[in-house]
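Dumped my_file14.txt below, it's compact mmCIF, C-alpha atoms:
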```txt
# COMPACT_ATOMS: atom_id res chain seq x y z
CA THR U 1 21.44 -20.68 16.43
CA TYR U 2 17.68 -20.48 16.08
CA ARG U 3 17.13 -20.28 19.86
CA MET U 4 19.57 -17.39 20.25
CA PHE U 5 18.16 -15.66 17.18
CA TYR U 6 14.59 -15.83 18.47
CA GLU U 7 15.70 -14.66 21.92
CA VAL U 8 17.26 -11.58 20.35
CA VAL U 9 14.16 -10.92 18.26
CA GLY U 10 12.09 -11.10 21.45
CA TRP U 11 14.45 -8.72 23.23
CA VAL U 12 14.24 -6.15 20.45
CA MET U 13 10.45 -6.41 20.39
CA LYS U 14 10.24 -5.78 24.14
CA THR U 15 12.80 -3.00 24.46
CA HIS U 16 12.38 -1.00 21.24
CA SER U 17 9.26 0.61 19.84
CA PHE U 18 8.15 2.68 16.87
CA ASP U 19 7.93 6.42 17.51
CA TYR U 20 4.50 7.31 16.10
CA ASP U 21 2.04 8.84 18.54
CA VAL U 22 -0.85 10.01 16.37
CA ASN U 23 -2.54 11.52 19.43
CA ASP U 24 0.33 14.01 19.78
CA LEU U 25 -0.34 16.79 17.27
CA GLY U 26 3.04 18.38 18.00
CA HIS U 27 4.75 15.11 17.09
CA LEU U 28 2.74 14.88 13.86
CA GLN U 29 3.61 18.47 12.97
CA SER U 30 7.31 17.71 13.46
CA ILE U 31 7.01 14.81 11.00
CA SER U 32 5.13 17.08 8.58
CA ASN U 33 7.91 19.68 8.76
CA GLY U 34 10.44 17.03 7.77
CA PHE U 35 8.52 16.18 4.60
CA ALA U 36 7.79 19.85 3.82
CA GLN U 37 11.51 20.63 3.68
CA PHE U 38 11.90 18.33 0.67
CA SER U 39 9.36 20.38 -1.29
CA GLY U 40 10.49 23.78 -0.09
CA HIS U 41 7.16 23.85 1.78
CA ALA U 42 5.24 23.66 -1.52
CA LEU U 43 3.30 20.75 0.00
CA GLU U 44 2.66 20.62 3.73
CA GLY U 45 0.79 18.40 6.17
CA CYS U 46 2.27 15.01 5.26
CA ILE U 47 2.61 12.92 8.44
CA GLY U 48 4.02 9.82 6.77
CA ALA U 49 4.35 7.86 3.55
CA VAL U 50 2.45 4.56 3.43
CA ASP U 51 2.96 1.57 1.15
CA GLY U 52 2.91 -2.21 1.08
CA LEU U 53 5.78 -4.67 0.66
CA ALA U 54 5.37 -8.28 -0.46
CA MET U 55 7.69 -10.26 1.80
CA ARG U 56 8.46 -13.59 0.15
CA THR U 57 7.82 -16.73 2.25
CA ARG U 58 7.64 -20.47 1.76
CA CYS U 59 4.21 -21.95 1.05
CA PRO U 60 2.30 -22.04 4.37
CA SER U 61 0.96 -25.39 5.56
CA GLU U 62 -1.43 -26.81 8.12
CA ARG U 63 1.44 -26.68 10.64
CA ASP U 64 1.13 -22.89 10.38
CA GLY U 65 -2.61 -23.11 11.00
CA VAL U 66 -3.32 -22.29 7.36
CA SER U 67 -6.07 -24.26 5.63
CA ASP U 68 -5.88 -22.39 2.32
CA PRO U 69 -2.27 -21.61 1.27
CA GLY U 70 -3.62 -19.94 -1.85
CA ASN U 71 -4.55 -16.92 0.25
CA TYR U 72 -0.84 -16.22 0.63
CA PHE U 73 -0.07 -16.36 -3.11
CA CYS U 74 0.41 -12.80 -4.30
CA ARG U 75 -0.11 -11.24 -7.73
CA LYS U 76 3.65 -11.22 -8.28
CA GLY U 77 3.66 -14.99 -8.49
CA PHE U 78 4.97 -16.19 -5.12
CA HIS U 79 3.80 -16.82 -1.56
CA ALA U 80 4.17 -13.75 0.60
CA LEU U 81 3.00 -11.61 3.48
CA ASN U 82 1.72 -8.14 2.69
CA VAL U 83 3.60 -5.76 5.00
CA GLN U 84 1.98 -2.34 5.43
CA ALA U 85 4.31 0.37 6.70
CA VAL U 86 4.50 4.12 7.29
CA VAL U 87 7.82 5.99 7.25
CA ASP U 88 9.00 9.53 7.93
CA SER U 89 11.07 11.79 5.69
CA LYS U 90 14.31 10.21 6.92
CA LYS U 91 13.11 6.71 5.97
CA ARG U 92 12.54 5.59 9.54
CA PHE U 93 9.68 3.18 10.08
CA LEU U 94 6.95 4.79 12.17
CA PHE U 95 4.44 1.95 11.94
CA ALA U 96 4.32 -1.53 10.43
CA SER U 97 1.75 -4.30 10.18
CA PRO U 98 3.46 -7.38 8.71
CA SER U 99 0.95 -10.23 8.85
CA HIS U 100 -1.54 -9.69 6.02
CA VAL U 101 -2.03 -12.49 3.50
CA GLY U 102 -0.15 -12.12 0.24
CA SER U 103 -3.31 -12.18 -1.88
CA ALA U 104 -4.61 -9.04 -0.14
CA ASN U 105 -4.14 -5.85 -2.13
CA ASP U 106 -2.84 -2.76 -0.38
CA ALA U 107 -6.31 -1.28 0.06
CA ARG U 108 -7.55 -4.36 1.91
CA ALA U 109 -4.36 -4.83 3.96
CA TRP U 110 -4.31 -1.16 4.99
CA ALA U 111 -7.98 -1.29 6.03
CA GLU U 112 -7.15 -4.23 8.30
CA THR U 113 -4.53 -2.28 10.28
CA GLY U 114 -5.19 -0.71 13.64
CA LEU U 115 -3.61 2.55 12.44
CA SER U 116 -6.15 2.86 9.62
CA ARG U 117 -9.02 2.47 12.08
CA LYS U 118 -7.39 4.93 14.50
CA LEU U 119 -6.93 7.61 11.84
CA ASP U 120 -10.48 7.02 10.67
CA SER U 121 -11.71 7.88 14.17
CA MET U 122 -9.54 11.03 14.09
CA GLU U 123 -10.73 12.20 10.66
CA GLU U 124 -12.21 15.50 11.82
CA ILE U 125 -9.08 16.39 13.79
CA LEU U 126 -6.80 15.55 10.87
CA ILE U 127 -8.94 17.63 8.51
CA GLU U 128 -8.88 20.57 10.92
CA HIS U 129 -5.08 20.49 11.11
CA LYS U 130 -4.64 19.58 7.41
CA LEU U 131 -2.67 16.41 8.14
CA TRP U 132 -2.51 13.42 5.82
CA LEU U 133 -0.57 10.35 4.70
CA ALA U 134 0.94 10.03 1.23
CA GLY U 135 -0.14 6.80 -0.47
CA ASP U 136 -0.01 5.44 -3.99
CA SER U 137 -2.99 4.68 -6.22
CA ALA U 138 -3.33 1.22 -4.65
CA HIS U 139 -4.56 2.84 -1.45
CA PRO U 140 -8.07 4.30 -1.19
CA LEU U 141 -8.38 8.07 -1.38
CA ARG U 142 -9.46 9.48 1.98
CA SER U 143 -9.33 12.89 3.58
CA PHE U 144 -6.26 11.66 5.50
CA VAL U 145 -4.76 9.45 2.76
CA MET U 146 -3.81 11.47 -0.31
CA THR U 147 -3.17 9.57 -3.53
CA PRO U 148 -1.92 10.85 -6.90
CA CYS U 149 -4.27 12.32 -9.47
CA SER U 150 -4.95 10.07 -12.45
CA LYS U 151 -2.93 10.49 -15.64
CA LYS U 152 -6.08 11.73 -17.35
CA GLU U 153 -6.46 14.51 -14.79
CA ALA U 154 -2.77 15.38 -14.49
CA ARG U 155 -2.17 17.06 -17.81
CA HIS U 156 1.32 18.46 -18.39
CA GLU U 157 2.02 21.52 -16.20
CA SER U 158 -1.51 21.48 -14.80
CA ALA U 159 -2.21 21.99 -11.08
CA GLU U 160 -2.83 18.24 -10.81
CA ASP U 161 0.50 17.51 -12.48
CA ASN U 162 2.27 19.81 -10.01
CA PHE U 163 0.49 18.10 -7.12
CA ASN U 164 1.58 14.68 -8.37
CA PHE U 165 5.20 15.84 -8.57
CA TRP U 166 5.35 17.05 -4.97
CA HIS U 167 3.19 14.19 -3.70
CA SER U 168 5.64 11.73 -5.28
CA ASN U 169 8.46 13.65 -3.61
CA SER U 170 6.97 12.65 -0.26
CA ARG U 171 5.70 9.17 -1.14
CA ILE U 172 9.03 7.99 -2.58
CA ARG U 173 10.49 8.00 0.93
CA VAL U 174 8.65 4.76 1.78
CA GLU U 175 9.81 3.09 -1.44
CA CYS U 176 13.40 4.08 -0.64
CA ALA U 177 12.97 2.84 2.94
CA PHE U 178 11.78 -0.57 1.71
CA GLY U 179 14.75 -0.73 -0.65
CA GLU U 180 17.25 0.08 2.10
CA PHE U 181 15.53 -2.29 4.52
CA VAL U 182 15.64 -5.31 2.21
CA MET U 183 19.16 -4.68 0.95
CA ARG U 184 20.45 -4.03 4.47
CA TRP U 185 19.35 -7.41 5.85
CA GLY U 186 20.57 -10.50 4.01
CA LEU U 187 17.81 -12.49 5.70
CA PHE U 188 15.26 -10.99 3.31
CA TRP U 189 17.16 -11.57 0.07
CA LYS U 190 15.47 -14.94 -0.40
CA LYS U 191 12.14 -16.36 0.65
CA LEU U 192 11.83 -16.96 4.36
CA GLN U 193 11.91 -20.66 5.30
CA LEU U 194 10.45 -20.04 8.75
CA PRO U 195 7.22 -20.78 10.64
CA LEU U 196 4.64 -18.19 9.63
CA ALA U 197 4.07 -17.04 13.22
CA LYS U 198 7.77 -16.16 13.57
CA ILE U 199 8.02 -13.98 10.48
CA GLY U 200 6.04 -10.96 11.72
CA PRO U 201 8.18 -10.35 14.82
CA ILE U 202 11.37 -10.85 12.79
CA ILE U 203 10.28 -8.20 10.27
CA LEU U 204 9.30 -5.77 13.03
CA SER U 205 12.53 -6.25 14.98
CA ALA U 206 14.60 -5.75 11.82
CA MET U 207 12.71 -2.52 11.13
CA LYS U 208 13.45 -1.29 14.65
CA VAL U 209 17.17 -1.96 14.28
CA HIS U 210 16.97 -0.29 10.84
CA ASN U 211 15.63 2.81 12.62
CA PHE U 212 18.54 2.71 15.05
CA LEU U 213 21.02 2.60 12.18
CA VAL U 214 19.25 5.46 10.38
CA ASP U 215 19.50 7.51 13.57
CA GLN U 216 23.23 6.75 13.70
CA ARG U 217 23.59 7.91 10.11
CA GLU U 218 21.50 11.04 10.60
CA GLY U 219 23.54 11.93 13.67
CA GLY U 220 26.64 12.45 11.54
CA ALA U 221 27.51 14.75 8.67
CA GLU U 222 25.39 14.63 5.52
CA ARG U 223 26.42 11.57 3.50
CA ASP U 224 24.90 8.76 1.52
CA ASP U 225 24.38 5.23 2.78
CA ARG U 226 27.44 3.80 1.00
CA GLU U 227 29.75 6.34 2.63
CA HIS U 228 28.14 5.66 6.01
CA TRP U 229 28.62 1.90 5.88
CA SER U 230 32.15 2.23 4.56
CA GLU U 231 33.03 4.36 7.56
CA MET U 232 31.32 1.91 9.90
CA HIS U 233 33.38 -0.98 8.41
CA GLU U 234 30.34 -2.99 7.43
CA VAL U 235 28.66 -2.83 10.85
CA GLY U 236 31.67 -4.01 12.83
CA SER U 237 32.66 -0.69 14.35
CA ILE U 238 29.13 0.08 15.50
CA LEU U 239 28.80 -3.08 17.59
CA PRO U 240 30.56 -1.78 20.74
CA SER U 241 27.98 1.02 21.00
CA LEU U 242 25.08 -1.44 20.91
CA ARG U 243 23.77 -3.67 23.65
CA PRO U 244 24.95 -7.26 23.17
CA ALA U 245 21.57 -8.56 21.98
CA THR U 246 21.28 -5.82 19.37
CA SER U 247 24.79 -6.64 18.15
CA VAL U 248 23.74 -10.24 17.56
CA ILE U 249 20.68 -9.34 15.53
CA VAL U 250 22.58 -6.77 13.45
CA LEU U 251 25.08 -9.45 12.45
CA ALA U 252 22.48 -12.17 11.98
CA LEU U 253 20.13 -10.08 9.87
CA ARG U 254 22.64 -8.12 7.81
CA ARG U 255 25.32 -10.70 7.06
CA SER U 256 23.62 -14.09 7.02
CA THR U 257 21.12 -15.72 4.70
CA ARG U 258 21.53 -19.04 6.48
CA ILE U 259 18.64 -18.36 8.87
CA GLY U 260 15.41 -18.57 6.94
CA GLY U 261 16.95 -19.39 3.58
CA ARG U 262 19.70 -21.27 1.80
CA GLY U 263 23.13 -19.93 1.18
CA GLY U 264 26.13 -18.92 3.19
CA TRP U 265 27.53 -15.78 4.66
CA ARG U 266 27.46 -12.67 2.51
```
Can you turn what I pasted into structure tokens?
Amino acid sequence: TYRMFYEVVGWVMKTHSFDYDVNDLGHLQSISNGFAQFSGHALEGCIGAVDGLAMRTRCPSERDGVSDPGNYFCRKGFHALNVQAVVDSKKRFLFASPSHVGSANDARAWAETGLSRKLDSMEEILIEHKLWLAGDSAHPLRSFVMTPCSKKEARHESAEDNFNFWHSNSRIRVECAFGEFVMRWGLFWKKLQLPLAKIGPIILSAMKVHNFLVDQREGGAERDDREHWSEMHEVGSILPSLRPATSVIVLALRRSTRIGGRGGWR
């Protein structure tokens, strides 16, 4: 089971990619337009919502090449990886970096990502075109990472309060994406009992299949996730339209907690 599972993860990693070309200003503007529609164009320029997710893992050991397991113990009281991700307005993952130690806060984990360094090198271009990411207060305020105004500044019905409302309207998309992602895949309902080096690719491949399923949902009439999955008969009816390897990972990730954790089929 493990061999087949890892083969499928490898296949997804090689054949699917995230669609986030920050060098393509037209692409970034298309993402911005998607977010702007949610605010009636009251707030424009958002090219993604960024946040961190603590992915629960077993305690790392020397077999994982970890000399200090305490680095993976997060503030929530368990061992974890800090997963940094950026999503679009439809809750598709545009970028993810899943291998930061659990003790790292979002500011540190984000600074360690290649995307953060890339955007830093593009700062003047992003300022010129008024493009930015929506982050929460855990992320550092930058010209291209907009965070909410403090409660002290955002007095009721002030300009800062209005900004926070529309900023939250964009930023909540990443929180919703994390919620859908975790609930969609039974694998992540409990801590992952897997070698540390295997966890990053598993998270990334699950996010890529998540994007495929979101695209399937968005391709139909407007409906919520429950209606979509009811129509798809809990994944079963979608399998013929997928390549065989993708079908395996959809079933393995969504319906089983046996790989990487205890418990049976859900």
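The shell of residues at most 7 Å from segment 165-171 of chain U, with all atoms listed in the file counted and near chain neighbours (fewer than 6 positions) removed, consists of Phe35, Ser39, Leu43, Ala49, Ala134, Gly135 and Pro148 of chain U.
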Pairwise distance for atom CA of His16 of chain U and atom CA of Lys208 of chain U, rounded to one decimal in Å:
6.7 Å
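Residues with any atom within 10 Å of the point (9.5, 2.9, 14.1), counting all atoms listed in the file, are His16, Ser17, Phe18, Asp19, Tyr20, Ala85, Val86, Val87, Asp88, Lys91, Arg92, Phe93, Leu94, Phe95, Ala96, Leu204, Ser205, Met207, Lys208, Val209, His210, Asn211 and Phe212 of chain U.
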Residues just named, written with C-alpha atoms as a compact mmCIF listing (two decimals), in the coordinates of the input:
```txt
# COMPACT_ATOMS: atom_id res chain seq x y z
CA HIS U 16 12.38 -1.00 21.24
CA SER U 17 9.26 0.61 19.84
CA PHE U 18 8.15 2.68 16.87
CA ASP U 19 7.93 6.42 17.51
CA TYR U 20 4.50 7.31 16.10
CA ALA U 85 4.31 0.37 6.70
CA VAL U 86 4.50 4.12 7.29
CA VAL U 87 7.82 5.99 7.25
CA ASP U 88 9.00 9.53 7.93
CA LYS U 91 13.11 6.71 5.97
CA ARG U 92 12.54 5.59 9.54
CA PHE U 93 9.68 3.18 10.08
CA LEU U 94 6.95 4.79 12.17
CA PHE U 95 4.44 1.95 11.94
CA ALA U 96 4.32 -1.53 10.43
CA LEU U 204 9.30 -5.77 13.03
CA SER U 205 12.53 -6.25 14.98
CA MET U 207 12.71 -2.52 11.13
CA LYS U 208 13.45 -1.29 14.65
CA VAL U 209 17.17 -1.96 14.28
CA HIS U 210 16.97 -0.29 10.84
CA ASN U 211 15.63 2.81 12.62
CA PHE U 212 18.54 2.71 15.05
```
Hey, can you check how far atom CA of Lys191 of chain U sits from atom CA of Met55 of chain U?
7.6 Å
So how far away is atom CA of His139 of chain U from atom CA of Asn105 of chain U, in Å?
8.7 Å
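If you measure from each of U:Leu25, U:Ala197, U:Ala107, U:Ala206 to Met183 of chain U using only C-alpha atoms, the closest one turns out to be U:Ala206.
Closest approach to Glu180 of chain U from the set U:Leu213, U:Leu194, U:Ala159, U:Met122 is made by U:Leu213, with distances taken over all atoms listed in the file.
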Nearby residues (all atoms listed in the file) at most 6 Å from Val83 of chain U, same-chain spacing under 6 positions excluded, as a PDB file with C-alpha atoms, in the frame of the given file:
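Written file, selection39.pdb:
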```pdb
ATOM      1  CA  GLY U  52       2.910  -2.210   1.080  1.00  0.00           C
ATOM      2  CA  LEU U  53       5.780  -4.670   0.660  1.00  0.00           C
ATOM      3  CA  SER U  97       1.750  -4.300  10.180  1.00  0.00           C
ATOM      4  CA  PRO U  98       3.460  -7.380   8.710  1.00  0.00           C
TER       5      PRO U  98
END
```
With a distance cut-off of 9 Å and all atoms listed in the file, select the neighbouring residues of Pro60 of chain U, excluding the residue or stretch itself and same-chain residues fewer than 6 positions from it, and output the selection as an MDAnalysis selection string.
chainID U and resid 66:70 72 79 195:196
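Among the candidates U:Asp136, U:Glu7, U:Asp51, U:Glu112, the residue lying nearest to His100 of chain U is U:Glu112 (atoms considered: only C-alpha atoms).
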Using only C-alpha atoms, determine which residues lie at most 8 Å from Glu44 of chain U, disregarding the query and same-chain residues fewer than 6 positions distant; provide the list as a PyMOL selection string.
chain U and resi 32-33+35-36
Got time to write the residues from that selection, C-alpha atoms, as a PDB file, in the frame of the given file?
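After the write, result28.pdb holds the following:
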```pdb
ATOM      1  CA  SER U  32       5.130  17.080   8.580  1.00  0.00           C
ATOM      2  CA  ASN U  33       7.910  19.680   8.760  1.00  0.00           C
ATOM      3  CA  PHE U  35       8.520  16.180   4.600  1.00  0.00           C
ATOM      4  CA  ALA U  36       7.790  19.850   3.820  1.00  0.00           C
TER       5      ALA U  36
END
```
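If all atoms listed in the file are the atoms counted, then among U:Trp189, U:Trp11, U:Phe163, U:Phe144 the closest residue to Glu123 of chain U is U:Phe144.
Using all atoms listed in the file, the contacts of Leu131 of chain U at a cut-off of 6 Å, with sequence neighbours closer than 2 positions omitted, comprise Gly45, Cys46, Leu126 and His129 of chain U.
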Pick the closest to Ile31 of chain U from U:Thr57, U:Ile127, U:Leu133, U:Ser103: which is it, counting all atoms listed in the file?
U:Leu133
Quick one: segment 24-35 of chain U with all heavy atoms, as a short mmCIF file (atom, residue, chain, number, x, y, z; two decimals), keeping the file's coordinate frame?
```cif
data_model
loop_
_atom_site.label_atom_id
_atom_site.label_comp_id
_atom_site.auth_asym_id
_atom_site.auth_seq_id
_atom_site.Cartn_x
_atom_site.Cartn_y
_atom_site.Cartn_z
N ASP U 24 -0.50 12.85 19.47
CA ASP U 24 0.33 14.01 19.78
C ASP U 24 0.46 14.88 18.53
O ASP U 24 1.25 14.59 17.63
CB ASP U 24 1.72 13.54 20.25
CG ASP U 24 2.61 14.68 20.70
OD1 ASP U 24 2.30 15.85 20.40
OD2 ASP U 24 3.66 14.39 21.33
N LEU U 25 -0.33 15.94 18.46
CA LEU U 25 -0.34 16.79 17.27
C LEU U 25 1.01 17.48 17.06
O LEU U 25 1.42 17.72 15.92
CB LEU U 25 -1.45 17.83 17.37
CG LEU U 25 -2.88 17.27 17.29
CD1 LEU U 25 -3.89 18.39 17.50
CD2 LEU U 25 -3.11 16.58 15.95
N GLY U 26 1.71 17.78 18.14
CA GLY U 26 3.04 18.38 18.00
C GLY U 26 4.02 17.42 17.33
O GLY U 26 4.83 17.83 16.49
N HIS U 27 3.92 16.15 17.70
CA HIS U 27 4.75 15.11 17.09
C HIS U 27 4.44 14.98 15.60
O HIS U 27 5.34 14.90 14.76
CB HIS U 27 4.51 13.80 17.81
CG HIS U 27 5.18 12.61 17.20
ND1 HIS U 27 6.55 12.49 17.11
CD2 HIS U 27 4.67 11.48 16.64
CE1 HIS U 27 6.86 11.35 16.53
NE2 HIS U 27 5.74 10.72 16.23
N LEU U 28 3.14 14.98 15.26
CA LEU U 28 2.74 14.88 13.86
C LEU U 28 3.21 16.09 13.06
O LEU U 28 3.63 15.95 11.91
CB LEU U 28 1.23 14.73 13.75
CG LEU U 28 0.61 13.46 14.36
CD1 LEU U 28 -0.90 13.45 14.14
CD2 LEU U 28 1.25 12.21 13.76
N GLN U 29 3.16 17.27 13.66
CA GLN U 29 3.61 18.47 12.97
C GLN U 29 5.11 18.43 12.72
O GLN U 29 5.59 18.89 11.67
CB GLN U 29 3.26 19.71 13.79
CG GLN U 29 3.47 21.02 13.03
CD GLN U 29 2.65 21.10 11.77
OE1 GLN U 29 1.43 20.95 11.80
NE2 GLN U 29 3.31 21.33 10.64
N SER U 30 5.87 17.85 13.65
CA SER U 30 7.31 17.71 13.46
C SER U 30 7.61 16.79 12.26
O SER U 30 8.50 17.08 11.45
CB SER U 30 7.95 17.14 14.73
OG SER U 30 9.33 16.91 14.54
N ILE U 31 6.85 15.70 12.15
CA ILE U 31 7.01 14.81 11.00
C ILE U 31 6.66 15.55 9.72
O ILE U 31 7.36 15.45 8.70
CB ILE U 31 6.13 13.56 11.16
CG1 ILE U 31 6.59 12.74 12.37
CG2 ILE U 31 6.17 12.70 9.90
CD1 ILE U 31 5.65 11.60 12.73
N SER U 32 5.56 16.30 9.75
CA SER U 32 5.13 17.08 8.58
C SER U 32 6.21 18.07 8.14
O SER U 32 6.47 18.24 6.94
CB SER U 32 3.83 17.82 8.92
OG SER U 32 3.49 18.74 7.90
N ASN U 33 6.86 18.72 9.10
CA ASN U 33 7.91 19.68 8.76
C ASN U 33 9.07 19.01 8.04
O ASN U 33 9.68 19.59 7.13
CB ASN U 33 8.42 20.36 10.03
CG ASN U 33 7.39 21.29 10.65
OD1 ASN U 33 6.46 21.73 9.98
ND2 ASN U 33 7.56 21.61 11.93
N GLY U 34 9.37 17.76 8.43
CA GLY U 34 10.44 17.03 7.77
C GLY U 34 10.14 16.78 6.30
O GLY U 34 11.00 16.97 5.43
N PHE U 35 8.91 16.39 6.00
CA PHE U 35 8.52 16.18 4.60
C PHE U 35 8.47 17.50 3.84
O PHE U 35 8.87 17.57 2.68
CB PHE U 35 7.15 15.49 4.53
CG PHE U 35 7.19 14.01 4.73
CD1 PHE U 35 6.80 13.45 5.94
CD2 PHE U 35 7.60 13.16 3.71
CE1 PHE U 35 6.83 12.07 6.13
CE2 PHE U 35 7.63 11.78 3.88
CZ PHE U 35 7.24 11.23 5.10
#
```
